[in-house]
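Peer 1: structure-v4.tsv (TSV, C-alpha atoms) pasted underneath:
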chain	number	residue	atom	x	y	z
F	1	MET	CA	135.95	85.30	104.08
F	2	SER	CA	132.67	83.79	102.98
F	3	LEU	CA	131.50	83.64	106.58
F	4	LEU	CA	132.41	87.30	107.09
F	5	ALA	CA	130.53	88.30	103.93
F	6	ASP	CA	127.54	86.26	105.09
F	7	ILE	CA	127.51	87.96	108.48
F	8	ILE	CA	127.81	91.44	106.97
F	9	SER	CA	125.05	90.84	104.44
F	10	TRP	CA	122.79	89.29	107.11
F	11	ALA	CA	123.20	92.41	109.24
F	12	LEU	CA	122.56	94.76	106.32
F	13	ILE	CA	119.54	92.85	105.04
F	14	LEU	CA	118.00	92.56	108.50
F	15	ALA	CA	118.53	96.29	109.12
F	16	GLY	CA	116.97	97.09	105.76
F	17	SER	CA	113.98	94.85	106.47
F	18	PHE	CA	113.52	96.50	109.86
F	19	PHE	CA	113.55	100.01	108.41
F	20	THR	CA	111.22	98.97	105.59
F	21	LEU	CA	108.69	97.53	108.03
F	22	ALA	CA	109.03	100.59	110.28
F	23	GLY	CA	108.28	102.88	107.36
F	24	ALA	CA	105.29	100.77	106.30
F	25	PHE	CA	103.84	100.89	109.81
F	26	GLY	CA	104.43	104.64	109.79
F	27	ILE	CA	102.51	105.00	106.54
F	28	ILE	CA	99.60	103.13	108.12
F	29	ARG	CA	99.65	104.85	111.48
F	30	PHE	CA	100.58	108.50	110.89
F	31	PRO	CA	97.74	111.02	110.91
F	32	ASP	CA	98.26	113.20	107.84
F	33	LEU	CA	99.91	113.36	104.43
F	34	TYR	CA	103.09	115.20	105.37
F	35	THR	CA	103.90	112.90	108.26
F	36	ARG	CA	103.21	109.95	105.97
F	37	MET	CA	105.72	111.40	103.52
F	38	HIS	CA	108.24	111.37	106.36
F	39	ALA	CA	107.57	107.68	106.92
F	40	SER	CA	107.84	107.01	103.19
F	41	GLY	CA	111.24	108.70	103.21
F	42	VAL	CA	112.43	106.01	105.60
F	43	ILE	CA	111.45	103.30	103.10
F	44	ASP	CA	112.40	104.88	99.81
F	45	PRO	CA	116.12	105.57	99.84
F	46	PHE	CA	117.09	103.97	103.13
F	47	GLY	CA	115.41	100.62	103.78
F	48	VAL	CA	115.47	99.29	100.22
F	49	SER	CA	118.98	100.66	99.68
F	50	LEU	CA	120.24	98.80	102.76
F	51	ILE	CA	118.74	95.57	101.42
F	52	LEU	CA	120.41	96.20	98.05
F	53	VAL	CA	123.78	96.88	99.72
F	54	GLY	CA	123.40	93.56	101.51
F	55	LEU	CA	122.78	91.90	98.14
F	56	ILE	CA	125.93	93.59	96.76
F	57	VAL	CA	127.98	92.08	99.60
F	58	GLN	CA	126.43	88.71	98.78
F	59	ALA	CA	127.08	88.98	95.03
F	60	GLY	CA	130.73	89.99	95.17
F	61	LEU	CA	132.48	91.76	92.32
F	62	SER	CA	130.52	91.03	89.16
F	63	LEU	CA	128.10	92.57	86.69
F	64	ILE	CA	125.30	91.95	89.18
F	65	SER	CA	126.85	94.22	91.79
F	66	VAL	CA	127.35	96.93	89.16
F	67	LYS	CA	123.65	96.73	88.29
F	68	LEU	CA	122.74	96.91	91.98
F	69	THR	CA	124.95	99.99	92.40
F	70	ILE	CA	123.21	101.70	89.47
F	71	LEU	CA	119.87	100.75	91.04
F	72	ILE	CA	120.86	102.32	94.38
F	73	LEU	CA	121.95	105.48	92.56
F	74	PHE	CA	118.62	105.64	90.71
F	75	LEU	CA	116.64	105.21	93.91
F	76	GLY	CA	118.69	107.83	95.74
F	77	LEU	CA	118.25	110.32	92.91
F	78	THR	CA	114.64	109.81	91.94
F	79	SER	CA	112.75	109.23	95.17
F	80	PRO	CA	113.56	112.64	96.74
F	81	VAL	CA	112.45	114.26	93.47
F	82	ALA	CA	109.12	112.42	93.56
F	83	CYS	CA	108.64	113.20	97.25
F	84	HIS	CA	109.39	116.89	96.71
F	85	ALA	CA	106.96	117.08	93.79
F	86	LEU	CA	104.30	115.35	95.87
F	87	GLY	CA	104.63	117.75	98.79
F	88	ARG	CA	104.70	120.76	96.50
F	89	ALA	CA	101.61	119.62	94.59
F	90	ALA	CA	99.66	118.93	97.78
F	91	ARG	CA	100.63	122.28	99.28
F	92	HIS	CA	99.79	124.04	96.04
F	93	ARG	CA	96.32	122.47	96.05
F	94	GLY	CA	95.78	123.82	99.55
F	95	LEU	CA	96.12	120.70	101.67
F	96	LYS	CA	96.86	122.02	105.13
F	97	PRO	CA	99.27	120.18	107.38
F	98	LEU	CA	97.92	119.01	110.70
F	99	LEU	CA	99.30	121.47	113.24
F	100	ALA	CA	99.14	121.67	117.00
F	101	ASP	CA	96.82	124.22	118.53
F	102	ARG	CA	98.86	127.08	119.89
F	103	GLU	CA	96.30	128.41	122.37
F	104	LYS	CA	95.34	125.14	123.96
F	105	PRO	CA	98.24	122.89	124.87
F	106	PRO	CA	97.56	119.30	123.83
F	107	SER	CA	95.92	117.26	126.50
F	108	ILE	CA	98.10	114.47	127.73
F	109	SER	CA	95.99	111.35	127.85
T	1	MET	CA	117.40	82.02	104.41
T	2	MET	CA	118.15	85.70	104.60
T	3	PHE	CA	116.61	86.22	101.18
T	4	ILE	CA	113.42	84.61	102.48
T	5	ALA	CA	113.43	86.99	105.44
T	6	ALA	CA	113.95	90.04	103.24
T	7	THR	CA	111.27	88.89	100.78
T	8	ALA	CA	108.77	88.31	103.59
T	9	ALA	CA	109.48	91.75	105.05
T	10	LEU	CA	109.04	93.41	101.66
T	11	ILE	CA	105.77	91.57	100.96
T	12	LEU	CA	104.40	92.55	104.38
T	13	ALA	CA	105.40	96.16	103.80
T	14	ILE	CA	103.69	96.12	100.38
T	15	ALA	CA	100.51	94.79	102.01
T	16	LEU	CA	100.52	97.57	104.62
T	17	VAL	CA	101.16	100.32	102.08
T	18	LEU	CA	98.45	98.84	99.84
T	19	ALA	CA	96.02	99.21	102.73
T	20	ARG	CA	96.95	102.88	102.93
T	21	ALA	CA	96.40	103.25	99.19
T	22	TRP	CA	92.96	101.71	99.61
T	23	MET	CA	91.76	103.89	102.50
T	24	GLY	CA	93.81	107.05	101.86
T	25	PRO	CA	91.62	110.13	102.30
T	26	THR	CA	93.11	112.30	99.55
T	27	VAL	CA	94.49	111.52	96.14
T	28	TYR	CA	97.97	112.48	97.30
T	29	ASP	CA	97.95	109.70	99.86
T	30	ARG	CA	97.22	107.26	97.09
T	31	VAL	CA	99.99	108.69	94.89
T	32	LEU	CA	102.41	108.43	97.81
T	33	ALA	CA	101.37	104.83	98.41
T	34	ALA	CA	101.75	104.00	94.70
T	35	ASN	CA	105.24	105.49	94.62
T	36	THR	CA	106.26	103.60	97.74
T	37	ILE	CA	104.84	100.34	96.37
T	38	GLY	CA	106.93	100.87	93.23
T	39	THR	CA	110.10	101.29	95.27
T	40	LEU	CA	109.27	98.22	97.36
T	41	ALA	CA	108.58	96.24	94.20
T	42	VAL	CA	112.08	97.10	92.96
T	43	GLY	CA	113.56	95.68	96.16
T	44	LEU	CA	111.25	92.67	95.94
T	45	MET	CA	112.36	91.91	92.38
T	46	ALA	CA	116.02	92.07	93.40
T	47	THR	CA	115.66	89.84	96.47
T	48	HIS	CA	113.38	87.40	94.67
T	49	GLY	CA	115.87	87.11	91.84
T	50	PHE	CA	118.57	86.24	94.37
T	51	LEU	CA	116.20	83.86	96.15
T	52	ILE	CA	115.50	81.68	93.13
T	53	GLY	CA	119.03	82.08	91.79
T	54	ARG	CA	118.26	84.14	88.72
T	55	PRO	CA	119.63	87.67	89.16
T	56	GLU	CA	118.58	88.62	85.64
T	57	PHE	CA	115.51	90.17	87.24
T	58	LEU	CA	117.74	93.16	88.05
T	59	ASP	CA	117.27	94.46	84.51
T	60	VAL	CA	113.53	94.51	85.03
T	61	ALA	CA	114.09	96.25	88.37
T	62	LEU	CA	116.18	98.97	86.72
T	63	VAL	CA	113.50	99.75	84.16
T	64	TYR	CA	110.84	99.64	86.85
T	65	ALA	CA	112.71	102.14	89.03
T	66	LEU	CA	112.85	104.62	86.15
T	67	LEU	CA	109.22	104.13	85.11
T	68	ASN	CA	108.10	104.50	88.72
T	69	VAL	CA	109.36	108.04	89.18
T	70	LEU	CA	108.16	109.06	85.71
T	71	SER	CA	104.64	107.83	86.40
T	72	THR	CA	104.58	109.57	89.77
T	73	LEU	CA	105.65	112.89	88.24
T	74	ALA	CA	103.14	112.54	85.42
T	75	ILE	CA	100.24	111.80	87.80
T	76	LEU	CA	101.20	114.74	90.01
T	77	LYS	CA	101.45	117.08	87.06
T	78	PHE	CA	98.03	115.96	85.87
T	79	PHE	CA	96.41	116.55	89.25
T	80	ARG	CA	98.13	119.87	89.67
T	81	PHE	CA	97.47	121.48	86.31
T	82	GLY	CA	94.55	119.47	85.01
T	83	SER	CA	96.49	118.44	81.92
T	84	LEU	CA	99.81	116.96	80.95
T	85	GLY	CA	101.33	120.12	79.53
T	86	ASP	CA	99.25	120.73	76.42
T	87	PRO	CA	99.64	124.51	75.89
T	88	GLU	CA	96.02	124.91	74.76
T	89	GLY	CA	94.53	123.07	77.67
T	90	ILE	CA	96.32	124.56	80.66
T	91	GLU	CA	93.96	126.22	83.09
T	92	PRO	CA	95.37	128.95	85.29
T	93	PRO	CA	96.66	127.26	88.42
T	94	PRO	CA	94.57	127.57	91.57
T	95	THR	CA	95.21	130.27	94.09
T	96	GLU	CA	98.61	130.17	95.70
T	97	THR	CA	98.24	129.22	99.32
T	98	SER	CA	101.80	129.75	100.41
T	99	ARG	CA	105.01	130.89	98.93
Represent the structure contained in this file as structure tokens.
Peer 2:
Amino acid sequence: MSLLADIISWALILAGSFFTLAGAFGIIRFPDLYTRMHASGVIDPFGVSLILVGLIVQAGLSLISVKLTILILFLGLTSPVACHALGRAARHRGLKPLLADREKPPSIS
Amino acid sequence: MMFIAATAALILAIALVLARAWMGPTVYDRVLAANTIGTLAVGLMATHGFLIGRPEFLDVALVYALLNVLSTLAILKFFRFGSLGDPEGIEPPPTETSR
């Protein structure tokens, strides 16, 4: 039972770490604000939540897992709100998204 | 061992996002990076508490998760309206670019 819980939490924590690193590389590499918000949406509810679910499996049924569940609920509720407000504020200020040119097809290099 | 791996991944991610906050061209990039660093710090507090065997850090993480979104919304409201909602000081918002 303990071995099974260890394996499950290893898998969840490794998946969460992978998605977190992928989102961080996306934030570094992507060309404009709106695409960076897409990469941040991989980190915010998904990567960190997977790590926290892995910690819940490790902690078992206790007060700690209840606190972790509340934390996952907070993250899932608040980070889309912040992301939406960010995109709306940037669009309202007139920050144009980076779009492809319709006349000239992009050159494949 | 797995807590060490998760902590290392979170610290590396914080370093990368901090680089974006340093070189971000607009203020919104920096706000996005600050929000993401806050979320990553919540995960880092949780895993670090498990790593050193003191899960009481989860209380700090809960408060930090709430303060993070509040600070992000406050900063965005300030940069959008030029004030924090004082009815005397609100300028008319800039021209609507899209609806």
Peer 1: Excluding range 76-91 of chain F and its own-chain neighbours fewer than 4 positions away, which residues fall within 7 Å of it when counting all atoms listed in the file? Please give them as a ChimeraX atom specification.
Peer 2: /F:44-45,72,95-96 /T:28,69,72-73,76,80
Peer 1: Using CA of Ile13 in chain F and CA of Leu58 in chain T as the two end points, give the distance in Å to one decimal.
Peer 2: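 Between CA of Ile13 in chain F and CA of Leu58 in chain T the gap is 17.1 Å.
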Peer 1: Residues of chain F within 6 Å of chain T, using only C-alpha atoms, as a list in words?
Peer 2: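 Result, ordered by chain then number: Ser17, Leu21, Ala24, Ile28, Val48, Leu71 and Gly94 of chain F.
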Peer 1: Would you mind exporting C-alpha atoms of the selected residues as an mmCIF file, keeping the file's coordinate frame?
Peer 2:
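Contents of selection_34.cif, freshly written:
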data_model
loop_
_atom_site.group_PDB
_atom_site.id
_atom_site.type_symbol
_atom_site.label_atom_id
_atom_site.label_comp_id
_atom_site.auth_asym_id
_atom_site.auth_seq_id
_atom_site.Cartn_x
_atom_site.Cartn_y
_atom_site.Cartn_z
ATOM 1 C CA SER F 17 113.980 94.850 106.470
ATOM 2 C CA LEU F 21 108.690 97.530 108.030
ATOM 3 C CA ALA F 24 105.290 100.770 106.300
ATOM 4 C CA ILE F 28 99.600 103.130 108.120
ATOM 5 C CA VAL F 48 115.470 99.290 100.220
ATOM 6 C CA LEU F 71 119.870 100.750 91.040
ATOM 7 C CA GLY F 94 95.780 123.820 99.550
#
Peer 1: Excluding Phe46 in chain F and any residue of its chain fewer than 2 positions from it, enumerate the residues within 10 Å of it, using only C-alpha atoms, and give them as a tab-separated table (two decimals) with C-alpha atoms, keeping the file's coordinate frame.
Peer 2:
chain	number	residue	atom	x	y	z
F	15	ALA	CA	118.53	96.29	109.12
F	16	GLY	CA	116.97	97.09	105.76
F	19	PHE	CA	113.55	100.01	108.41
F	20	THR	CA	111.22	98.97	105.59
F	23	GLY	CA	108.28	102.88	107.36
F	40	SER	CA	107.84	107.01	103.19
F	41	GLY	CA	111.24	108.70	103.21
F	42	VAL	CA	112.43	106.01	105.60
F	43	ILE	CA	111.45	103.30	103.10
F	44	ASP	CA	112.40	104.88	99.81
F	48	VAL	CA	115.47	99.29	100.22
F	49	SER	CA	118.98	100.66	99.68
F	50	LEU	CA	120.24	98.80	102.76
F	51	ILE	CA	118.74	95.57	101.42
F	52	LEU	CA	120.41	96.20	98.05
F	72	ILE	CA	120.86	102.32	94.38
F	75	LEU	CA	116.64	105.21	93.91
F	76	GLY	CA	118.69	107.83	95.74
Peer 1: Could you add N, CA and C atoms to range 22-44 of chain F and give me the result as a PDB file, in the coordinates of the input?
Peer 2:
ATOM      1  N   ALA F  22     109.329  99.407 109.458  1.00  0.00           N
ATOM      2  CA  ALA F  22     109.030 100.590 110.280  1.00  0.00           C
ATOM      3  C   ALA F  22     108.377 101.676 109.440  1.00  0.00           C
ATOM      4  N   GLY F  23     108.893 101.879 108.225  1.00  0.00           N
ATOM      5  CA  GLY F  23     108.280 102.880 107.360  1.00  0.00           C
ATOM      6  C   GLY F  23     106.883 102.499 106.939  1.00  0.00           C
ATOM      7  N   ALA F  24     106.643 101.203 106.694  1.00  0.00           N
ATOM      8  CA  ALA F  24     105.290 100.770 106.300  1.00  0.00           C
ATOM      9  C   ALA F  24     104.307 100.970 107.433  1.00  0.00           C
ATOM     10  N   PHE F  25     104.725 100.643 108.671  1.00  0.00           N
ATOM     11  CA  PHE F  25     103.840 100.890 109.810  1.00  0.00           C
ATOM     12  C   PHE F  25     103.595 102.383 109.991  1.00  0.00           C
ATOM     13  N   GLY F  26     104.627 103.203 109.712  1.00  0.00           N
ATOM     14  CA  GLY F  26     104.430 104.640 109.790  1.00  0.00           C
ATOM     15  C   GLY F  26     103.423 105.132 108.777  1.00  0.00           C
ATOM     16  N   ILE F  27     103.480 104.580 107.562  1.00  0.00           N
ATOM     17  CA  ILE F  27     102.510 105.000 106.540  1.00  0.00           C
ATOM     18  C   ILE F  27     101.095 104.626 106.961  1.00  0.00           C
ATOM     19  N   ILE F  28     100.934 103.488 107.643  1.00  0.00           N
ATOM     20  CA  ILE F  28      99.600 103.130 108.120  1.00  0.00           C
ATOM     21  C   ILE F  28      99.171 104.010 109.282  1.00  0.00           C
ATOM     22  N   ARG F  29     100.073 104.299 110.207  1.00  0.00           N
ATOM     23  CA  ARG F  29      99.650 104.850 111.480  1.00  0.00           C
ATOM     24  C   ARG F  29      99.632 106.376 111.539  1.00  0.00           C
ATOM     25  N   PHE F  30     100.410 107.054 110.702  1.00  0.00           N
ATOM     26  CA  PHE F  30     100.580 108.500 110.890  1.00  0.00           C
ATOM     27  C   PHE F  30      99.317 109.245 110.463  1.00  0.00           C
ATOM     28  N   PRO F  31      99.061 110.417 111.058  1.00  0.00           N
ATOM     29  CA  PRO F  31      97.740 111.020 110.910  1.00  0.00           C
ATOM     30  C   PRO F  31      97.526 111.842 109.645  1.00  0.00           C
ATOM     31  N   ASP F  32      98.556 112.328 108.978  1.00  0.00           N
ATOM     32  CA  ASP F  32      98.260 113.200 107.840  1.00  0.00           C
ATOM     33  C   ASP F  32      99.316 113.060 106.764  1.00  0.00           C
ATOM     34  N   LEU F  33      99.103 113.678 105.617  1.00  0.00           N
ATOM     35  CA  LEU F  33      99.910 113.360 104.430  1.00  0.00           C
ATOM     36  C   LEU F  33     101.387 113.661 104.646  1.00  0.00           C
ATOM     37  N   TYR F  34     101.689 114.784 105.287  1.00  0.00           N
ATOM     38  CA  TYR F  34     103.090 115.200 105.370  1.00  0.00           C
ATOM     39  C   TYR F  34     103.874 114.301 106.314  1.00  0.00           C
ATOM     40  N   THR F  35     103.219 113.861 107.391  1.00  0.00           N
ATOM     41  CA  THR F  35     103.900 112.900 108.260  1.00  0.00           C
ATOM     42  C   THR F  35     104.057 111.546 107.567  1.00  0.00           C
ATOM     43  N   ARG F  36     103.060 111.202 106.719  1.00  0.00           N
ATOM     44  CA  ARG F  36     103.210 109.950 105.970  1.00  0.00           C
ATOM     45  C   ARG F  36     104.344 110.034 104.964  1.00  0.00           C
ATOM     46  N   MET F  37     104.572 111.250 104.410  1.00  0.00           N
ATOM     47  CA  MET F  37     105.720 111.400 103.520  1.00  0.00           C
ATOM     48  C   MET F  37     107.020 111.211 104.277  1.00  0.00           C
ATOM     49  N   HIS F  38     107.053 111.611 105.536  1.00  0.00           N
ATOM     50  CA  HIS F  38     108.240 111.370 106.360  1.00  0.00           C
ATOM     51  C   HIS F  38     108.484 109.870 106.523  1.00  0.00           C
ATOM     52  N   ALA F  39     107.414 109.129 106.769  1.00  0.00           N
ATOM     53  CA  ALA F  39     107.570 107.680 106.920  1.00  0.00           C
ATOM     54  C   ALA F  39     107.979 107.025 105.603  1.00  0.00           C
ATOM     55  N   SER F  40     107.453 107.555 104.494  1.00  0.00           N
ATOM     56  CA  SER F  40     107.840 107.010 103.190  1.00  0.00           C
ATOM     57  C   SER F  40     109.302 107.296 102.874  1.00  0.00           C
ATOM     58  N   GLY F  41     109.822 108.417 103.406  1.00  0.00           N
ATOM     59  CA  GLY F  41     111.240 108.700 103.210  1.00  0.00           C
ATOM     60  C   GLY F  41     112.148 107.765 103.961  1.00  0.00           C
ATOM     61  N   VAL F  42     111.622 107.052 104.976  1.00  0.00           N
ATOM     62  CA  VAL F  42     112.430 106.010 105.600  1.00  0.00           C
ATOM     63  C   VAL F  42     112.530 104.812 104.658  1.00  0.00           C
ATOM     64  N   ILE F  43     111.424 104.465 103.989  1.00  0.00           N
ATOM     65  CA  ILE F  43     111.450 103.300 103.100  1.00  0.00           C
ATOM     66  C   ILE F  43     112.280 103.597 101.857  1.00  0.00           C
ATOM     67  N   ASP F  44     111.993 104.720 101.199  1.00  0.00           N
ATOM     68  CA  ASP F  44     112.400 104.880  99.810  1.00  0.00           C
ATOM     69  C   ASP F  44     113.909 104.799  99.605  1.00  0.00           C
TER      70      ASP F  44
END
